[in-house]
file target26.cif (mmCIF, C-alpha atoms)
data_coords
loop_
_atom_site.group_PDB
_atom_site.id
_atom_site.type_symbol
_atom_site.label_atom_id
_atom_site.label_comp_id
_atom_site.auth_asym_id
_atom_site.auth_seq_id
_atom_site.Cartn_x
_atom_site.Cartn_y
_atom_site.Cartn_z
ATOM 1 C CA MET A 1 84.390 142.142 -4.759
ATOM 2 C CA MET A 2 80.764 141.846 -3.631
ATOM 3 C CA GLN A 3 79.540 142.654 -7.099
ATOM 4 C CA ARG A 4 81.725 139.901 -8.612
ATOM 5 C CA ARG A 5 80.214 137.332 -6.217
ATOM 6 C CA ASN A 6 76.726 138.402 -7.144
ATOM 7 C CA VAL A 7 77.465 137.966 -10.838
ATOM 8 C CA ARG A 8 78.945 134.519 -10.143
ATOM 9 C CA GLY A 9 75.777 133.572 -8.220
ATOM 10 C CA VAL A 10 73.558 134.710 -11.031
ATOM 11 C CA LEU A 11 75.630 132.662 -13.489
ATOM 12 C CA LEU A 12 75.328 129.570 -11.288
ATOM 13 C CA VAL A 13 71.557 129.974 -11.111
ATOM 14 C CA LEU A 14 71.314 130.327 -14.876
ATOM 15 C CA VAL A 15 73.449 127.229 -15.423
ATOM 16 C CA ALA A 16 71.253 125.221 -13.000
ATOM 17 C CA MET A 17 68.085 126.331 -14.743
ATOM 18 C CA SER A 18 69.534 125.390 -18.110
ATOM 19 C CA LEU A 19 70.462 121.909 -16.885
ATOM 20 C CA SER A 20 66.997 121.407 -15.398
ATOM 21 C CA SER A 21 65.397 122.441 -18.673
ATOM 22 C CA CYS A 22 67.549 119.948 -20.634
ATOM 23 C CA ILE A 23 66.621 117.110 -18.302
ATOM 24 C CA GLY A 24 62.939 117.899 -18.904
ATOM 25 C CA CYS A 25 63.622 117.800 -22.635
ATOM 26 C CA ARG A 26 64.653 114.176 -22.506
ATOM 27 C CA ARG A 27 62.444 111.983 -24.733
ATOM 28 C CA GLN A 28 59.699 110.479 -22.692
ATOM 29 C CA PRO A 29 58.975 106.781 -23.259
ATOM 30 C CA GLN A 30 56.038 106.277 -25.617
ATOM 31 C CA PRO A 31 53.251 103.920 -24.536
ATOM 32 C CA ALA A 32 53.257 100.602 -26.353
ATOM 33 C CA ALA A 33 51.046 100.596 -29.374
ATOM 34 C CA GLU A 34 47.811 98.707 -28.792
ATOM 35 C CA PRO A 35 47.370 95.636 -30.977
ATOM 36 C CA PRO A 36 44.890 96.149 -33.780
ATOM 37 C CA GLN A 37 41.384 95.135 -32.802
ATOM 38 C CA PRO A 38 39.804 92.416 -34.903
ATOM 39 C CA THR A 39 37.028 93.658 -37.137
ATOM 40 C CA ALA A 40 33.696 91.918 -37.108
ATOM 41 C CA GLU A 41 33.449 89.471 -39.991
ATOM 42 C CA ARG A 42 30.571 89.973 -42.391
ATOM 43 C CA ALA A 43 28.140 87.070 -42.373
ATOM 44 C CA VAL A 44 28.280 85.289 -45.680
ATOM 45 C CA THR A 45 25.654 82.833 -46.787
ATOM 46 C CA PRO A 46 27.412 79.930 -48.458
ATOM 47 C CA ALA A 47 26.394 79.239 -52.001
ATOM 48 C CA PRO A 48 24.467 76.012 -52.463
ATOM 49 C CA GLU A 49 26.616 73.120 -53.506
ATOM 50 C CA GLU A 50 26.366 71.980 -57.053
ATOM 51 C CA GLY A 51 24.170 68.947 -57.500
ATOM 52 C CA THR A 52 22.031 69.671 -54.416
ATOM 53 C CA GLU A 53 18.706 67.941 -54.938
ATOM 54 C CA VAL A 54 15.419 69.702 -54.347
ATOM 55 C CA ALA A 55 13.103 67.778 -52.027
ATOM 56 C CA TRP A 56 10.487 65.699 -53.845
ATOM 57 C CA GLU A 57 7.012 67.019 -53.029
ATOM 58 C CA LEU A 58 3.467 65.712 -53.479
ATOM 59 C CA THR A 59 0.576 68.182 -53.355
ATOM 60 C CA SER A 60 -3.116 68.464 -54.232
ATOM 61 C CA ALA A 61 -5.292 71.325 -55.417
ATOM 62 C CA ALA A 62 -8.128 69.801 -53.344
ATOM 63 C CA PHE A 63 -6.499 69.984 -49.910
ATOM 64 C CA THR A 64 -3.197 70.863 -48.256
ATOM 65 C CA GLN A 65 -1.067 68.850 -45.855
ATOM 66 C CA GLY A 66 -3.150 67.787 -42.841
ATOM 67 C CA GLU A 67 -6.285 69.544 -44.110
ATOM 68 C CA ARG A 68 -9.759 68.000 -44.332
ATOM 69 C CA ILE A 69 -10.429 66.136 -47.577
ATOM 70 C CA PRO A 70 -13.419 67.624 -49.444
ATOM 71 C CA VAL A 71 -16.557 65.499 -49.380
ATOM 72 C CA GLN A 72 -16.540 64.904 -53.160
ATOM 73 C CA HIS A 73 -13.401 62.829 -52.669
ATOM 74 C CA THR A 74 -15.054 60.603 -50.033
ATOM 75 C CA ARG A 75 -17.698 57.874 -50.089
ATOM 76 C CA ASP A 76 -20.092 60.424 -48.626
ATOM 77 C CA GLY A 77 -19.873 62.328 -51.901
ATOM 78 C CA GLN A 78 -18.934 61.461 -55.479
ATOM 79 C CA ASP A 79 -15.973 59.334 -54.356
ATOM 80 C CA LEU A 80 -13.659 60.875 -56.942
ATOM 81 C CA SER A 81 -9.933 60.463 -56.552
ATOM 82 C CA PRO A 82 -8.376 63.846 -55.705
ATOM 83 C CA PRO A 83 -6.113 65.646 -58.196
ATOM 84 C CA LEU A 84 -2.462 65.158 -57.329
ATOM 85 C CA GLU A 85 0.702 66.905 -58.502
ATOM 86 C CA TRP A 86 4.355 66.302 -57.748
ATOM 87 C CA THR A 87 7.759 67.593 -58.728
ATOM 88 C CA SER A 88 9.932 65.673 -61.174
ATOM 89 C CA ALA A 89 11.024 62.252 -59.977
ATOM 90 C CA PRO A 90 14.681 61.660 -59.098
ATOM 91 C CA GLU A 91 17.123 60.631 -61.799
ATOM 92 C CA GLY A 92 17.100 56.889 -62.369
ATOM 93 C CA THR A 93 13.377 56.452 -61.696
ATOM 94 C CA ALA A 94 11.855 53.687 -63.821
ATOM 95 C CA GLU A 95 8.305 53.766 -62.466
ATOM 96 C CA LEU A 96 6.072 55.560 -59.981
ATOM 97 C CA VAL A 97 3.865 53.828 -57.401
ATOM 98 C CA LEU A 98 1.146 55.484 -55.312
ATOM 99 C CA ILE A 99 -0.502 53.969 -52.238
ATOM 100 C CA CYS A 100 -3.181 55.587 -50.071
ATOM 101 C CA ASP A 101 -3.789 54.184 -46.586
ATOM 102 C CA ASP A 102 -5.836 55.014 -43.498
ATOM 103 C CA PRO A 103 -3.626 54.045 -40.529
ATOM 104 C CA ASP A 104 -6.385 54.938 -38.047
ATOM 105 C CA ALA A 105 -8.961 52.349 -39.163
ATOM 106 C CA PRO A 106 -10.373 50.354 -36.205
ATOM 107 C CA GLY A 107 -9.168 46.986 -37.503
ATOM 108 C CA GLY A 108 -5.736 48.223 -38.594
ATOM 109 C CA THR A 109 -4.470 50.023 -41.688
ATOM 110 C CA TRP A 110 -7.122 50.212 -44.427
ATOM 111 C CA ASN A 111 -5.969 50.577 -47.999
ATOM 112 C CA HIS A 112 -7.853 53.053 -50.222
ATOM 113 C CA TRP A 113 -5.836 53.170 -53.443
ATOM 114 C CA ILE A 114 -3.008 51.361 -55.219
ATOM 115 C CA VAL A 115 -1.500 52.797 -58.403
ATOM 116 C CA TYR A 116 1.544 51.341 -60.166
ATOM 117 C CA ASP A 117 3.141 51.090 -63.598
ATOM 118 C CA LEU A 118 2.858 54.886 -63.737
ATOM 119 C CA SER A 119 5.374 56.606 -66.024
ATOM 120 C CA ALA A 120 8.427 58.115 -64.375
ATOM 121 C CA GLU A 121 7.833 61.185 -66.547
ATOM 122 C CA ALA A 122 4.375 61.806 -65.063
ATOM 123 C CA THR A 123 4.001 64.741 -62.674
ATOM 124 C CA SER A 124 0.283 64.612 -61.904
ATOM 125 C CA LEU A 125 -2.930 62.606 -61.740
ATOM 126 C CA PRO A 126 -6.240 64.244 -62.654
ATOM 127 C CA GLU A 127 -9.319 64.253 -60.478
ATOM 128 C CA GLY A 128 -11.538 61.206 -60.880
ATOM 129 C CA VAL A 129 -9.159 58.576 -62.286
ATOM 130 C CA ALA A 130 -11.189 55.648 -63.636
ATOM 131 C CA THR A 131 -11.446 52.682 -61.267
ATOM 132 C CA ASP A 132 -10.546 50.039 -63.879
ATOM 133 C CA ALA A 133 -7.649 47.724 -63.088
ATOM 134 C CA ALA A 134 -5.875 48.987 -66.225
ATOM 135 C CA VAL A 135 -6.349 52.615 -67.250
ATOM 136 C CA ALA A 136 -5.288 53.932 -70.662
ATOM 137 C CA GLU A 137 -5.246 57.653 -69.868
ATOM 138 C CA PRO A 138 -3.263 58.353 -67.839
ATOM 139 C CA ALA A 139 -1.544 55.031 -68.443
ATOM 140 C CA LEU A 140 -1.396 53.085 -65.173
ATOM 141 C CA LYS A 141 -2.500 49.951 -63.355
ATOM 142 C CA GLN A 142 -4.468 49.729 -60.124
ATOM 143 C CA GLY A 143 -4.532 47.150 -57.389
ATOM 144 C CA VAL A 144 -7.264 45.657 -55.249
ATOM 145 C CA THR A 145 -7.905 47.790 -52.143
ATOM 146 C CA SER A 146 -9.308 46.842 -48.754
ATOM 147 C CA PHE A 147 -12.772 47.430 -50.241
ATOM 148 C CA GLY A 148 -12.172 44.405 -52.466
ATOM 149 C CA SER A 149 -12.211 46.450 -55.683
ATOM 150 C CA THR A 150 -9.696 48.244 -57.890
ATOM 151 C CA GLY A 151 -9.304 51.977 -58.147
ATOM 152 C CA TYR A 152 -9.748 54.735 -55.620
ATOM 153 C CA GLY A 153 -12.060 54.269 -52.663
ATOM 154 C CA GLY A 154 -12.512 57.428 -50.651
ATOM 155 C CA PRO A 155 -12.620 57.950 -46.889
ATOM 156 C CA SER A 156 -15.559 56.326 -45.077
ATOM 157 C CA PRO A 157 -14.563 56.184 -41.402
ATOM 158 C CA PRO A 158 -16.973 55.231 -38.637
ATOM 159 C CA PRO A 159 -18.404 58.160 -36.635
ATOM 160 C CA GLY A 160 -15.884 59.436 -34.141
ATOM 161 C CA PRO A 161 -12.299 60.696 -34.200
ATOM 162 C CA THR A 162 -10.699 62.118 -37.310
ATOM 163 C CA HIS A 163 -8.801 59.660 -39.493
ATOM 164 C CA ARG A 164 -5.641 60.354 -41.477
ATOM 165 C CA TYR A 165 -5.375 59.445 -45.148
ATOM 166 C CA GLN A 166 -1.800 59.130 -46.346
ATOM 167 C CA PHE A 167 -1.054 59.339 -50.065
ATOM 168 C CA THR A 168 2.497 58.031 -50.476
ATOM 169 C CA LEU A 169 4.277 58.314 -53.816
ATOM 170 C CA TYR A 170 7.310 56.115 -54.492
ATOM 171 C CA ALA A 171 9.997 56.533 -57.149
ATOM 172 C CA VAL A 172 11.404 53.075 -57.905
ATOM 173 C CA SER A 173 14.488 52.122 -59.863
ATOM 174 C CA ALA A 174 12.951 49.141 -61.689
ATOM 175 C CA GLU A 175 9.553 48.331 -63.156
ATOM 176 C CA THR A 176 7.178 46.389 -60.922
ATOM 177 C CA ASP A 177 6.284 44.057 -63.807
ATOM 178 C CA LEU A 178 2.922 43.141 -62.251
ATOM 179 C CA GLU A 179 -0.410 42.389 -63.862
ATOM 180 C CA ALA A 180 -3.303 44.775 -63.267
ATOM 181 C CA GLY A 181 -5.291 44.037 -60.133
ATOM 182 C CA ALA A 182 -2.334 43.151 -57.888
ATOM 183 C CA SER A 183 -2.580 43.251 -54.112
ATOM 184 C CA LYS A 184 -0.876 45.810 -51.916
ATOM 185 C CA GLU A 185 1.436 43.094 -50.614
ATOM 186 C CA GLN A 186 2.491 42.171 -54.147
ATOM 187 C CA VAL A 187 3.202 45.790 -55.033
ATOM 188 C CA LEU A 188 5.222 46.396 -51.874
ATOM 189 C CA ALA A 189 7.203 43.209 -52.489
ATOM 190 C CA ALA A 190 7.907 44.310 -56.073
ATOM 191 C CA ILE A 191 9.399 47.641 -54.967
ATOM 192 C CA GLU A 192 11.320 46.269 -51.992
ATOM 193 C CA GLY A 193 14.896 47.554 -52.109
ATOM 194 C CA LYS A 194 14.205 49.632 -55.231
ATOM 195 C CA VAL A 195 12.771 52.835 -53.739
ATOM 196 C CA LEU A 196 14.851 55.871 -54.732
ATOM 197 C CA ALA A 197 12.621 58.394 -52.977
ATOM 198 C CA GLU A 198 9.196 58.764 -51.447
ATOM 199 C CA THR A 199 6.943 61.668 -50.586
ATOM 200 C CA MET A 200 3.659 61.798 -48.696
ATOM 201 C CA LEU A 201 0.586 64.018 -48.603
ATOM 202 C CA GLU A 202 -1.748 63.517 -45.647
ATOM 203 C CA GLY A 203 -5.389 64.518 -45.563
ATOM 204 C CA ALA A 204 -8.004 64.148 -42.839
ATOM 205 C CA TYR A 205 -11.673 63.170 -42.651
ATOM 206 C CA SER A 206 -14.253 62.370 -39.983
ATOM 207 C CA ARG A 207 -17.952 61.800 -39.665
#

call {"tool": "encode", "arguments": {"input": "target26.cif", "output": "structure tokens"}}
result
Amino acid sequence: MMQRRNVRGVLLVLVAMSLSSCIGCRRQPQPAAEPPQPTAERAVTPAPEEGTEVAWELTSAAFTQGERIPVQHTRDGQDLSPPLEWTSAPEGTAELVLICDDPDAPGGTWNHWIVYDLSAEATSLPEGVATDAAVAEPALKQGVTSFGSTGYGGPSPPPGPTHRYQFTLYAVSAETDLEAGASKEQVLAAIEGKVLAETMLEGAYSR
């Protein structure tokens, strides 16, 4: 009788262990999947838009922007006009106009050079352009400056602070239709409302 009870007890223990093991076998809940992390986007440089215009630029082999103008291009030297170069004028340009001023002159802006009726196809002016009112090569006309004469008149500031000399090139949509020897005021009036683009090169000089 005692032996039968022991066997029954052993069976009960085994059944309990089996049930406990099955409970442990239940599928455990899986953690929620993390959302995918965004990947860093690769920086992309946008392609330039079609038809983007390159900035119009005026330069000189004699001096760079803001640099001192060499003495040969002043009234202290040979008073030769400096060589100038520029990129192609904008589409629709009928004529080029160049004006050089000293905005730092004691009595107000002093004009040093007026060039007009210059071909829209031109991309440079050589050193030492003749001072005649009408020049054949390169073909152009020149106005009367603050010196009272036509053609280039180089820097000649009074002793003291440095002066700026601003060479401004204009692309205009219609011809100025002026005679040689025009005044600065006449030239500016002729291009009023017709300027397609302008570019400036500034030099410096002092005594």

call {"tool": "resolve_selection", "arguments": {"input": "target26.cif", "expression": "the PyMOL selection byres ((chain A and resi 81-94) around 6)", "output": "JSON, numbers by chain"}}
result
{"A": [56, 57, 58, 59, 60, 73, 80, 95, 120, 123, 124, 125, 126, 127, 128, 152, 171, 172, 173, 174, 175]}

call {"tool": "closest_residue", "arguments": {"input": "target26.cif", "among": "A:Tyr116, A:Tyr165, A:Tyr170, A:Trp110", "to": "Gly148 (chain A)", "atoms": "only C-alpha atoms"}}
result
A:Trp110

call {"tool": "closest_residue", "arguments": {"input": "target26.cif", "among": "A:Pro155, A:Ser149, A:Pro138, A:Gln72", "to": "Ala204 (chain A)", "atoms": "only C-alpha atoms"}}
result
A:Pro155

call {"tool": "residues_near_point", "arguments": {"input": "target26.cif", "point": "(2.8, 51.1, -56.4)", "cutoff": "8 Å", "atoms": "all atoms listed in the file", "output": "PyMOL selection string"}}
result
chain A and resi 96-99+114-117+169-170+176+184+187-188+191

call {"tool": "resolve_selection", "arguments": {"input": "target26.cif", "expression": "the PyMOL selection byres ((chain A and resi 137) around 12)", "output": "list in words"}}
result
Leu118, Ser119, Ala122, Ser124, Leu125, Pro126, Gly128, Val129, Ala130, Thr131, Asp132, Ala134, Val135, Ala136, Pro138, Ala139, Leu140 and Lys141 of chain A

call {"tool": "atom_distance", "arguments": {"input": "target26.cif", "atom1": "CA of Asp102 (chain A)", "atom2": "CA of Met200 (chain A)"}}
result
12.8 Å

call {"tool": "atom_distance", "arguments": {"input": "target26.cif", "atom1": "CA of Asp76 (chain A)", "atom2": "CA of Ser146 (chain A)"}}
result
17.3 Å

call {"tool": "axis_aligned_box", "arguments": {"input": "target26.cif", "around": "region 109-120 of chain A", "padding_each_side": "8 Å", "output": "AutoDock Vina command-line options"}}
result
--center_x 0.3 --center_y 54.1 --center_z -53.9 --size_x 32.3 --size_y 24.1 --size_z 40.3

call {"tool": "residues_around", "arguments": {"input": "target26.cif", "residues": "Thr64 (chain A)", "least_positions_apart": "4", "cutoff": "9 Å", "atoms": "all atoms listed in the file", "output": "list of chain:residue names"}}
result
A:Thr59, A:Ser60, A:Arg68, A:Ile69, A:Leu201, A:Glu202, A:Gly203

call {"tool": "atom_distance", "arguments": {"input": "target26.cif", "atom1": "CA of Pro157 (chain A)", "atom2": "CA of Ala62 (chain A)"}}
result
19.2 Å
